[in-house]
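A.B. asks: Okay, so here is entry09.csv, and as you'll see once you scroll down, it has CSV, C-alpha atoms and all ligand atoms.
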```csv
chain,number,residue,atom,x,y,z
A,30,MET,CA,-2.9,-8.5,14.0
A,31,THR,CA,0.5,-8.3,12.3
A,32,ASP,CA,2.4,-11.0,14.2
A,33,THR,CA,4.1,-13.7,12.0
A,34,GLN,CA,1.4,-16.2,12.7
A,35,THR,CA,-1.3,-14.1,11.2
A,36,PHE,CA,0.6,-12.0,8.7
A,37,PRO,CA,3.3,-12.5,6.0
A,38,ARG,CA,6.9,-11.7,7.0
A,39,ASN,CA,7.0,-8.9,4.3
A,40,ILE,CA,4.7,-7.6,1.6
A,41,VAL,CA,6.2,-7.1,-1.8
A,42,LEU,CA,4.4,-4.9,-4.3
A,43,VAL,CA,5.1,-5.6,-8.0
A,44,GLY,CA,3.4,-4.1,-11.1
A,45,PHE,CA,3.8,-1.7,-13.9
A,46,MET,CA,4.9,2.0,-13.5
A,47,GLY,CA,2.0,4.1,-12.4
A,48,CYS,CA,0.1,1.3,-10.7
A,49,GLY,CA,0.5,2.9,-7.2
A,50,LYS,CA,3.2,0.7,-5.7
A,51,SER,CA,4.8,3.5,-3.8
A,52,THR,CA,1.7,5.4,-2.8
A,53,ALA,CA,-0.2,2.3,-1.6
A,54,GLY,CA,2.9,0.8,0.0
A,55,ARG,CA,3.5,3.9,2.1
A,56,THR,CA,-0.1,4.0,3.2
A,57,LEU,CA,-0.1,0.2,3.9
A,58,ALA,CA,3.0,0.4,6.1
A,59,ALA,CA,1.5,3.3,8.1
A,60,ARG,CA,-1.7,1.5,8.5
A,61,LEU,CA,0.0,-1.7,9.7
A,62,GLY,CA,2.1,0.2,12.3
A,63,ASN,CA,3.7,-2.1,14.9
A,64,GLY,CA,7.2,-1.7,13.4
A,65,TRP,CA,6.3,-2.0,9.8
A,66,ARG,CA,8.3,0.1,7.4
A,67,PHE,CA,8.0,1.2,3.8
A,68,VAL,CA,10.9,0.7,1.4
A,69,ASP,CA,11.0,1.8,-2.2
A,70,THR,CA,13.8,0.0,-4.1
A,71,ASP,CA,14.2,2.9,-6.6
A,72,THR,CA,14.8,5.3,-3.7
A,73,ARG,CA,17.3,2.8,-2.1
A,74,LEU,CA,19.0,2.4,-5.5
A,75,ALA,CA,19.3,6.1,-6.1
A,76,GLU,CA,20.8,6.5,-2.6
A,77,VAL,CA,23.4,3.8,-3.1
A,78,ALA,CA,24.3,5.1,-6.6
A,79,GLY,CA,24.4,8.7,-5.6
A,80,CYS,CA,22.2,9.9,-8.5
A,81,ASP,CA,18.6,9.7,-9.7
A,82,ILE,CA,17.3,6.8,-11.8
A,83,PRO,CA,17.3,8.6,-15.2
A,84,THR,CA,21.0,9.6,-14.6
A,85,LEU,CA,21.8,6.1,-13.6
A,86,PHE,CA,20.3,4.7,-16.8
A,87,ARG,CA,22.2,7.3,-18.8
A,88,ARG,CA,25.5,6.6,-17.1
A,89,GLU,CA,25.4,2.8,-16.7
A,90,GLY,CA,22.6,1.5,-18.9
A,91,GLU,CA,19.6,-0.7,-18.1
A,92,THR,CA,21.6,-3.9,-17.5
A,93,ALA,CA,23.7,-2.3,-14.8
A,94,PHE,CA,20.6,-0.8,-13.3
A,95,ARG,CA,19.0,-4.3,-13.2
A,96,GLU,CA,22.1,-5.8,-11.4
A,97,ARG,CA,22.0,-3.1,-8.8
A,98,GLU,CA,18.2,-3.6,-8.4
A,99,ALA,CA,18.7,-7.3,-7.9
A,100,GLN,CA,21.3,-6.8,-5.2
A,101,ILE,CA,19.0,-4.4,-3.3
A,102,LEU,CA,16.0,-6.8,-3.6
A,103,SER,CA,18.2,-9.7,-2.3
A,104,GLY,CA,19.2,-7.6,0.7
A,105,LEU,CA,15.7,-6.6,1.5
A,106,SER,CA,14.3,-10.1,1.1
A,107,ALA,CA,16.0,-11.1,4.3
A,108,GLY,CA,14.3,-8.4,6.3
A,109,GLU,CA,11.0,-8.4,8.1
A,110,LYS,CA,8.0,-6.1,8.5
A,111,LEU,CA,8.8,-4.4,5.3
A,112,VAL,CA,6.4,-3.2,2.6
A,113,ILE,CA,8.6,-3.2,-0.4
A,114,ALA,CA,7.7,-1.3,-3.5
A,115,THR,CA,9.7,-2.7,-6.4
A,116,GLY,CA,10.5,-1.0,-9.7
A,117,GLY,CA,8.1,-1.9,-12.6
A,118,GLY,CA,10.7,-4.0,-14.4
A,119,ALA,CA,12.1,-5.9,-11.4
A,120,VAL,CA,10.3,-9.1,-12.3
A,121,MET,CA,12.1,-9.2,-15.6
A,122,HIS,CA,15.5,-9.9,-14.2
A,123,ASP,CA,16.7,-13.5,-13.8
A,124,GLY,CA,16.3,-14.8,-10.3
A,125,ASN,CA,14.3,-11.8,-8.9
A,126,ILE,CA,10.9,-13.6,-8.9
A,127,ALA,CA,12.3,-16.3,-6.6
A,128,THR,CA,13.9,-13.7,-4.4
A,129,LEU,CA,10.7,-11.7,-4.1
A,130,ARG,CA,8.6,-14.8,-3.3
A,131,SER,CA,11.1,-15.8,-0.6
A,132,ALA,CA,10.5,-12.5,1.1
A,133,GLY,CA,6.8,-13.0,1.8
A,134,LEU,CA,3.6,-12.2,0.1
A,135,VAL,CA,3.9,-10.8,-3.4
A,136,VAL,CA,1.0,-8.6,-4.6
A,137,TRP,CA,0.6,-7.5,-8.2
A,138,LEU,CA,-0.9,-4.0,-8.4
A,139,THR,CA,-2.7,-3.5,-11.7
A,140,ALA,CA,-4.5,-0.6,-13.4
A,141,ARG,CA,-6.2,0.1,-16.7
A,142,VAL,CA,-3.9,1.4,-19.4
A,143,ASP,CA,-5.7,4.7,-19.6
A,144,VAL,CA,-5.2,5.1,-15.9
A,145,ILE,CA,-1.5,4.3,-16.2
A,146,VAL,CA,-1.2,6.9,-19.0
A,147,MET,CA,-2.8,9.5,-16.9
A,148,ARG,CA,-0.6,8.8,-13.9
A,149,THR,CA,2.7,8.6,-15.8
A,150,GLU,CA,2.4,11.2,-18.5
A,151,ARG,CA,3.1,14.2,-16.2
A,152,ARG,CA,6.4,12.8,-15.0
A,153,GLU,CA,7.4,10.8,-18.0
A,154,ALA,CA,11.0,12.2,-17.9
A,155,ASP,CA,11.5,10.4,-14.5
A,156,ARG,CA,11.0,7.1,-16.2
A,157,PRO,CA,13.7,6.3,-18.8
A,158,LEU,CA,11.7,3.4,-20.3
A,159,LEU,CA,8.8,5.7,-21.1
A,160,ALA,CA,11.0,8.6,-22.2
A,161,ALA,CA,12.8,6.4,-24.7
A,162,ARG,CA,9.6,5.6,-26.7
A,163,GLY,CA,10.5,7.8,-29.7
A,164,ASP,CA,7.4,8.5,-31.9
A,165,THR,CA,5.3,5.7,-30.4
A,166,PRO,CA,2.3,7.1,-28.6
A,167,LEU,CA,2.5,6.6,-24.8
A,168,TYR,CA,-0.7,4.5,-24.8
A,169,THR,CA,0.7,2.1,-27.4
A,170,HIS,CA,4.1,2.0,-25.8
A,171,ILE,CA,2.7,1.1,-22.4
A,172,LEU,CA,0.4,-1.6,-24.0
A,173,ASN,CA,3.4,-3.2,-25.7
A,174,LEU,CA,5.6,-3.2,-22.6
A,175,LEU,CA,2.7,-4.5,-20.5
A,176,ALA,CA,2.1,-7.4,-22.9
A,177,GLY,CA,5.7,-8.5,-22.5
A,178,ARG,CA,5.7,-8.1,-18.7
A,179,ALA,CA,2.2,-9.5,-17.7
A,180,PRO,CA,3.3,-13.1,-17.6
A,181,PHE,CA,6.2,-12.2,-15.3
A,182,TYR,CA,4.0,-10.3,-12.9
A,183,GLN,CA,1.6,-13.2,-13.0
A,184,GLN,CA,4.4,-15.7,-12.2
A,185,ALA,CA,5.7,-13.5,-9.3
A,186,ALA,CA,2.4,-12.7,-7.6
A,187,HIS,CA,0.4,-14.6,-5.0
A,188,LEU,CA,-2.5,-12.3,-5.5
A,189,ILE,CA,-3.7,-9.3,-7.5
A,190,VAL,CA,-5.2,-5.9,-6.5
A,191,ASP,CA,-6.6,-3.5,-9.1
A,192,THR,CA,-5.9,0.2,-8.3
A,193,SER,CA,-7.9,1.9,-11.1
A,194,ASP,CA,-10.1,4.8,-9.9
A,195,ARG,CA,-9.6,4.0,-6.2
A,196,ALA,CA,-8.5,5.9,-3.1
A,197,THR,CA,-5.2,4.8,-1.7
A,198,GLU,CA,-6.7,3.9,1.7
A,199,SER,CA,-9.1,1.5,0.1
A,200,ILE,CA,-6.3,-0.2,-1.8
A,201,ALA,CA,-4.1,-0.5,1.3
A,202,ALA,CA,-7.1,-1.9,3.2
A,203,GLU,CA,-7.7,-4.5,0.5
A,204,ILE,CA,-4.0,-5.6,0.6
A,205,GLU,CA,-4.2,-6.0,4.4
A,206,ARG,CA,-7.4,-8.0,4.2
A,207,LYS,CA,-6.1,-10.3,1.5
A,208,ALA,CA,-2.7,-10.7,3.3
A,209,ILE,CA,-4.5,-12.0,6.4
A,210,ALA,CA,-6.6,-14.4,4.3
A,211,TRP,CA,-3.5,-15.6,2.4
A,212,GLN,CA,-1.6,-16.3,5.6
A,213,LYS,CA,-4.5,-18.3,7.0
A,214,SER,CA,-4.8,-20.4,3.8
A,301,LIG,C1,11.1,0.8,-14.4
A,301,LIG,C2,10.3,1.3,-13.5
A,301,LIG,C3,10.7,2.4,-12.5
A,301,LIG,C4,12.2,2.4,-12.3
A,301,LIG,C5,12.9,2.4,-13.6
A,301,LIG,C6,12.5,1.2,-14.5
A,301,LIG,C7,10.6,-0.2,-15.3
A,301,LIG,O1,10.0,2.2,-11.3
A,301,LIG,O2,12.6,1.2,-11.6
A,301,LIG,O3,12.6,3.6,-14.3
A,301,LIG,O4,11.4,-1.0,-15.9
A,301,LIG,O5,9.3,-0.4,-15.4
A,301,LIG,P1,8.4,2.5,-11.0
A,301,LIG,O6,7.7,1.3,-11.4
A,301,LIG,O7,8.4,2.7,-9.6
A,301,LIG,O8,8.1,3.7,-11.8
```
Step by step, read the file and then write its structure as structure tokens.
Ligand code: S3P
C.D. replies:
Amino acid sequence: MTDTQTFPRNIVLVGFMGCGKSTAGRTLAARLGNGWRFVDTDTRLAEVAGCDIPTLFRREGETAFREREAQILSGLSAGEKLVIATGGGAVMHDGNIATLRSAGLVVWLTARVDVIVMRTERREADRPLLAARGDTPLYTHILNLLAGRAPFYQQAAHLIVDTSDRATESIAAEIERKAIAWQKS
């Protein structure tokens, strides 16, 4: 079912922090089998940089982080049979949207803001852009960031899958089903 005639070359997952890109991506790659692999750009980036993402933000700042992220995306976009989970802000960097769309099918994973809050608040320290919110309540901060980013996700994505209140298997199955339909269209 996953040869290049019936399936996109790669599947790229974009979307806000806490929308399930890594969880659904890992499950999707396992479900597809047949040589498909899961790649998380944050994990790749941390390996290349030799430190975790919060440390990288502290040491080099967001601009340098975005440059490194763009390089990794560009390298991955030439691959095949990859389910690529991107960082939540990847679509904001100049040129990344074209890179992502050249890789294959881009799926925007969404979730309600209350769901994103619930999923991110426990490990907020791992996400520098949430940890830096000062006195702003998490809900408001996420709402503000999302408002600025939504047009970019929209521009990047071929299709949308909502992940609120859903089991990972069902999200992965929906992405697979929609990917087959998209490839046919
Ligand atoms: C970021 C999201 C994070 C990570 C970094 C910046 C963002 O990835 O890339 O902290 O700008 O939204 P996740 O979306 O996987 O949490």
A.B. asks: Could you pull the residues within 12 Å of stretch 141-158 of chain A, counting all atoms listed in the file, minus those fewer than 3 positions along the same chain, as a PyMOL selection string?
C.D. replies: chain A and resi 44-49+52+71+81-88+90-91+94+116-118+138+161-163+166-176+190-195
A.B. asks: How would the residues just picked look written out with C-alpha atoms as an mmCIF file, in the frame of the given file?
C.D. replies:
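Result written to result18.cif:
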```cif
data_model
loop_
_atom_site.group_PDB
_atom_site.id
_atom_site.type_symbol
_atom_site.label_atom_id
_atom_site.label_comp_id
_atom_site.auth_asym_id
_atom_site.auth_seq_id
_atom_site.Cartn_x
_atom_site.Cartn_y
_atom_site.Cartn_z
ATOM 1 C CA GLY A 44 3.400 -4.100 -11.100
ATOM 2 C CA PHE A 45 3.800 -1.700 -13.900
ATOM 3 C CA MET A 46 4.900 2.000 -13.500
ATOM 4 C CA GLY A 47 2.000 4.100 -12.400
ATOM 5 C CA CYS A 48 0.100 1.300 -10.700
ATOM 6 C CA GLY A 49 0.500 2.900 -7.200
ATOM 7 C CA THR A 52 1.700 5.400 -2.800
ATOM 8 C CA ASP A 71 14.200 2.900 -6.600
ATOM 9 C CA ASP A 81 18.600 9.700 -9.700
ATOM 10 C CA ILE A 82 17.300 6.800 -11.800
ATOM 11 C CA PRO A 83 17.300 8.600 -15.200
ATOM 12 C CA THR A 84 21.000 9.600 -14.600
ATOM 13 C CA LEU A 85 21.800 6.100 -13.600
ATOM 14 C CA PHE A 86 20.300 4.700 -16.800
ATOM 15 C CA ARG A 87 22.200 7.300 -18.800
ATOM 16 C CA ARG A 88 25.500 6.600 -17.100
ATOM 17 C CA GLY A 90 22.600 1.500 -18.900
ATOM 18 C CA GLU A 91 19.600 -0.700 -18.100
ATOM 19 C CA PHE A 94 20.600 -0.800 -13.300
ATOM 20 C CA GLY A 116 10.500 -1.000 -9.700
ATOM 21 C CA GLY A 117 8.100 -1.900 -12.600
ATOM 22 C CA GLY A 118 10.700 -4.000 -14.400
ATOM 23 C CA LEU A 138 -0.900 -4.000 -8.400
ATOM 24 C CA ALA A 161 12.800 6.400 -24.700
ATOM 25 C CA ARG A 162 9.600 5.600 -26.700
ATOM 26 C CA GLY A 163 10.500 7.800 -29.700
ATOM 27 C CA PRO A 166 2.300 7.100 -28.600
ATOM 28 C CA LEU A 167 2.500 6.600 -24.800
ATOM 29 C CA TYR A 168 -0.700 4.500 -24.800
ATOM 30 C CA THR A 169 0.700 2.100 -27.400
ATOM 31 C CA HIS A 170 4.100 2.000 -25.800
ATOM 32 C CA ILE A 171 2.700 1.100 -22.400
ATOM 33 C CA LEU A 172 0.400 -1.600 -24.000
ATOM 34 C CA ASN A 173 3.400 -3.200 -25.700
ATOM 35 C CA LEU A 174 5.600 -3.200 -22.600
ATOM 36 C CA LEU A 175 2.700 -4.500 -20.500
ATOM 37 C CA ALA A 176 2.100 -7.400 -22.900
ATOM 38 C CA VAL A 190 -5.200 -5.900 -6.500
ATOM 39 C CA ASP A 191 -6.600 -3.500 -9.100
ATOM 40 C CA THR A 192 -5.900 0.200 -8.300
ATOM 41 C CA SER A 193 -7.900 1.900 -11.100
ATOM 42 C CA ASP A 194 -10.100 4.800 -9.900
ATOM 43 C CA ARG A 195 -9.600 4.000 -6.200
#
```
A.B. asks: What is the distance, in Å and to one decimal place, between atom CA of A:Asp69 and atom CA of A:Ala140?
C.D. replies: 19.3 Å
A.B. asks: Which of these, A:Ile189, A:Val43, A:Ala210, A:Val136, has the shortest distance to ligand LIG 301 (chain A) once you count only C-alpha atoms and all ligand atoms?
C.D. replies: A:Val43
A.B. asks: So the first atom is atom CA of A:Glu198 and the second is atom O4 of ligand LIG 301 (chain A); what is the distance between them in Å, to one decimal place?
C.D. replies: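 For atom CA of A:Glu198 relative to atom O4 of ligand LIG 301 (chain A), the distance reads 25.7 Å.
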A.B. asks: Using only C-alpha atoms and all ligand atoms, which residue out of A:Thr92, A:Ser106, A:Ser51, A:Thr197 lies closest to ligand LIG 301 (chain A)?
C.D. replies: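 For ligand LIG 301 (chain A), the nearest of the given residues is A:Ser51.
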A.B. asks: Using only C-alpha atoms and all ligand atoms for the distances, tell me which of A:Ile101, A:Leu61, A:Ile40, A:Ala119 is nearest to ligand LIG 301 (chain A).
C.D. replies: A:Ala119
A.B. asks: Can you work out which one of A:Leu111, A:Leu159, A:Ile204, A:Ile126 has the shortest atom-to-atom distance to A:Arg66, counting all atoms listed in the file?
C.D. replies: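 Counting all atoms listed in the file, the residue closest to A:Arg66 is A:Leu111.
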A.B. asks: Please indicate the distance in Å from atom CA of A:His187 to atom CA of A:Val135, rounded to one decimal place.
C.D. replies: 5.4 Å
A.B. asks: Taking only C-alpha atoms into account, which of A:Leu134, A:Glu96, A:Thr128, A:Gly177 comes nearest A:Trp211?
C.D. replies: A:Leu134
A.B. asks: Which residue, A:Val120, A:Leu57, A:Val41, A:Val112, has the smallest gap to ligand LIG 301 (chain A) when you use all atoms listed in the file?
C.D. replies: A:Val120
A.B. asks: Counting all atoms listed in the file, find residues at most 8 Å from (15.8, -3.6, -6.7) (file frame) and give them as a ChimeraX atom specification.
C.D. replies: /A:70-71,74,95,97-103,115-116,119
A.B. asks: Can you pull out the residues contacting stretch 62-65 of chain A? Cut-off 12 Å, using all atoms listed in the file, and skip same-chain residues under 2 positions away; I want them as number ranges by chain.
C.D. replies: A: 30-33, 36-40, 54-60, 67-68, 108-113, 205
